[in-house]
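Engineer: Structure incoming, see below.
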Amino acid sequence: MRQNLAKFDDFIGSDLPPTERWYQDTKSPRLALKHTPTGQRIYYHVRYSSEHQRNIKTRIGDAIDWSVTAARAKAEQINAEFNTPKPVAKPTTTLGELVKLYEQHLRAKGIRDPGYAGDTFALSWSRYAQRPLHTLTAAELAAEHNKIAGARGRVAAATAIKLMRTLLRYAEDLDLVMRNVAKKVRISGSRPRDVWLKPEVLKLFFRVLATMPQDAQDYFKLLLLTAARRSAVASMRWKDLSPGVWTIPEQSSKTQRVIEVPLVGAAVEILKRR
């Protein structure tokens, strides 16, 4: 049984039959009033869904708390929400795609070796390459950190997490993630180990070095004598050399700053011969 809800105010105080009945409004067709056998009166928004092949009822509230005018306004609001097109989900960026974006960013900045990010990622995070960024959690990154620490050492584990922090910080800048979950991961003590070459190891080193071409011998000896990065030694220029000092230009420096390296006698002799 249906009755004109627009006139409901005329008999709101009267007794209704002790059965469940629905009353539909004529001014707001999708507003309905449900009267229960116990006398409770509840406003609903009712809309037929062709997708579900049935009426979808959305509870508005008890008639004691809602006036007819307020219920009509709420019904119109709910109806408008139904008619608003749902936003189409954007493609989700994966961690592997993020690494490529970050390497492009490094190249644009003029970083000489942007591939280090991909190399470090391949070593520690390759199995996460297809993971959407928003699915990463601090708990699983922490578990992976502990696994790497056990298998390859604490320095390797710290390096892996630091890379992840950098990648997700870049993702934050691009609005690809809401927060950097890697920042919550505690890194184990990661002070790099000091490596000392014992005399017997040095003898073996130079013995093997003597079997190599002269260019290779000079390269590895200069690495040992200057403690500079491989790419810096490989790109050393005559114009950057002065008596006893090698000036590494900022484009060859990891810190993007000019570095002056004192040259010991053995290094000077190699350069004079060349």
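Within each chain, counting starts at residue 1; across the structure tokens, chains are named A, B, ... in the order shown, with ligands numbered 1 upward in that order.
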Skip Thr19 (chain A) itself and residues of its chain fewer than 3 positions away, then list as a list in words all residues within 9 Å of it, counting only C-alpha atoms.
Structural biologist: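 Within the cut-off, the hits are Leu16, His35, Thr36, Pro37, Thr38 and Gly39 of chain A.
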Engineer: For the selection you just gave me, I'd like the residues written to a file as a compact mmCIF listing (two decimals), in the first residue's frame, keeping N, CA and C atoms.
Structural biologist:
```txt
# COMPACT_ATOMS: atom_id res chain seq x y z
N LEU A 16 -1.27 4.29 12.92
CA LEU A 16 -1.27 3.59 11.64
C LEU A 16 -1.41 2.11 11.93
N HIS A 35 7.00 2.26 7.56
CA HIS A 35 6.34 2.17 8.86
C HIS A 35 6.39 0.72 9.31
N THR A 36 6.99 0.48 10.49
CA THR A 36 7.16 -0.88 10.99
C THR A 36 5.99 -1.28 11.88
N PRO A 37 5.81 -2.57 12.12
CA PRO A 37 4.72 -3.03 13.00
C PRO A 37 4.81 -2.45 14.41
N THR A 38 6.01 -2.04 14.84
CA THR A 38 6.16 -1.48 16.18
C THR A 38 5.88 0.02 16.21
N GLY A 39 5.58 0.59 15.04
CA GLY A 39 5.26 2.01 15.00
C GLY A 39 6.43 2.90 14.62
```
Engineer: Per DSSP on the backbone, filter region 126-164 of chain A down to the residues in helix (DSSP H, G or I) and report them as an MDAnalysis selection string.
Structural biologist: chainID A and resid 126:128 133:135 138:152 154:164
Engineer: Going by DSSP on the backbone, which bits of region 12-128 of chain A are strand (DSSP E)? Write them as a ChimeraX atom specification, please.
Structural biologist: /A:21-24,31-35,41-49,54-62
Engineer: Between A:Asp113, A:Gly153, A:Ala160, A:Gly96, which has the minimum distance to Arg131 (chain A) (counting only C-alpha atoms)?
Structural biologist: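 Using only C-alpha atoms, the shortest distance to Arg131 (chain A) belongs to A:Gly96.
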Engineer: Could you tell me how far CA of Gln217 (chain A) sits from CA of Lys198 (chain A), in Å to one decimal place?
Structural biologist: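 Interatomic distance here is 19.7 Å.
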Engineer: Can you work out which one of A:Tyr44, A:Arg54, A:Arg257, A:Glu269 has the shortest atom-to-atom distance to Glu76 (chain A), counting only C-alpha atoms?
Structural biologist: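 Selected residue with least distance to Glu76 (chain A): A:Tyr44.
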Engineer: Rank nothing, just name the residue among A:Val258, A:Ala267, A:Gln104, A:Thr135 nearest to Leu222 (chain A), using only C-alpha atoms.
Structural biologist: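 Among A:Val258, A:Ala267, A:Gln104, A:Thr135, it is A:Ala267 that comes nearest to Leu222 (chain A).
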Engineer: Using CA of Ser50 (chain A) and CA of Tyr23 (chain A) as the two end points, give the distance in Å to one decimal.
Structural biologist: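 Calculated distance between CA of Ser50 (chain A) and CA of Tyr23 (chain A) is 22.3 Å.
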Engineer: Contacts of Ile42 (chain A) at 8 Å or less, counting only C-alpha atoms, minus same-chain residues fewer than 5 places along, as a list in words?
Structural biologist: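 The residues satisfying every condition are Leu33, Lys34, His35, Arg59, Ile60, Gly61, Asp62 and Ala63 of chain A.
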Engineer: Those residues you just picked out, can you put them in a file as a PDB file, in the first residue's frame with N, CA and C atoms?
Structural biologist:
```
ATOM      1  N   LEU A  33       8.944   6.332   3.000  1.00  0.00           N
ATOM      2  CA  LEU A  33       8.843   6.192   4.457  1.00  0.00           C
ATOM      3  C   LEU A  33       8.428   4.757   4.759  1.00  0.00           C
ATOM      4  N   LYS A  34       9.166   4.131   5.627  1.00  0.00           N
ATOM      5  CA  LYS A  34       8.822   2.778   6.051  1.00  0.00           C
ATOM      6  C   LYS A  34       8.207   2.842   7.432  1.00  0.00           C
ATOM      7  N   HIS A  35       6.998   2.256   7.558  1.00  0.00           N
ATOM      8  CA  HIS A  35       6.337   2.166   8.859  1.00  0.00           C
ATOM      9  C   HIS A  35       6.388   0.725   9.315  1.00  0.00           C
ATOM     10  N   ARG A  59      19.221   4.011   3.890  1.00  0.00           N
ATOM     11  CA  ARG A  59      18.554   4.562   5.071  1.00  0.00           C
ATOM     12  C   ARG A  59      18.963   6.014   5.284  1.00  0.00           C
ATOM     13  N   ILE A  60      17.987   6.887   5.509  1.00  0.00           N
ATOM     14  CA  ILE A  60      18.242   8.298   5.805  1.00  0.00           C
ATOM     15  C   ILE A  60      18.189   8.537   7.312  1.00  0.00           C
ATOM     16  N   GLY A  61      17.105   8.090   7.955  1.00  0.00           N
ATOM     17  CA  GLY A  61      17.007   8.263   9.392  1.00  0.00           C
ATOM     18  C   GLY A  61      15.591   8.176   9.898  1.00  0.00           C
ATOM     19  N   ASP A  62      15.469   8.157  11.200  1.00  0.00           N
ATOM     20  CA  ASP A  62      14.158   8.052  11.852  1.00  0.00           C
ATOM     21  C   ASP A  62      13.368   9.327  11.658  1.00  0.00           C
ATOM     22  N   ALA A  63      12.080   9.202  11.411  1.00  0.00           N
ATOM     23  CA  ALA A  63      11.210  10.361  11.192  1.00  0.00           C
ATOM     24  C   ALA A  63      11.132  11.258  12.426  1.00  0.00           C
TER      25      ALA A  63
END
```
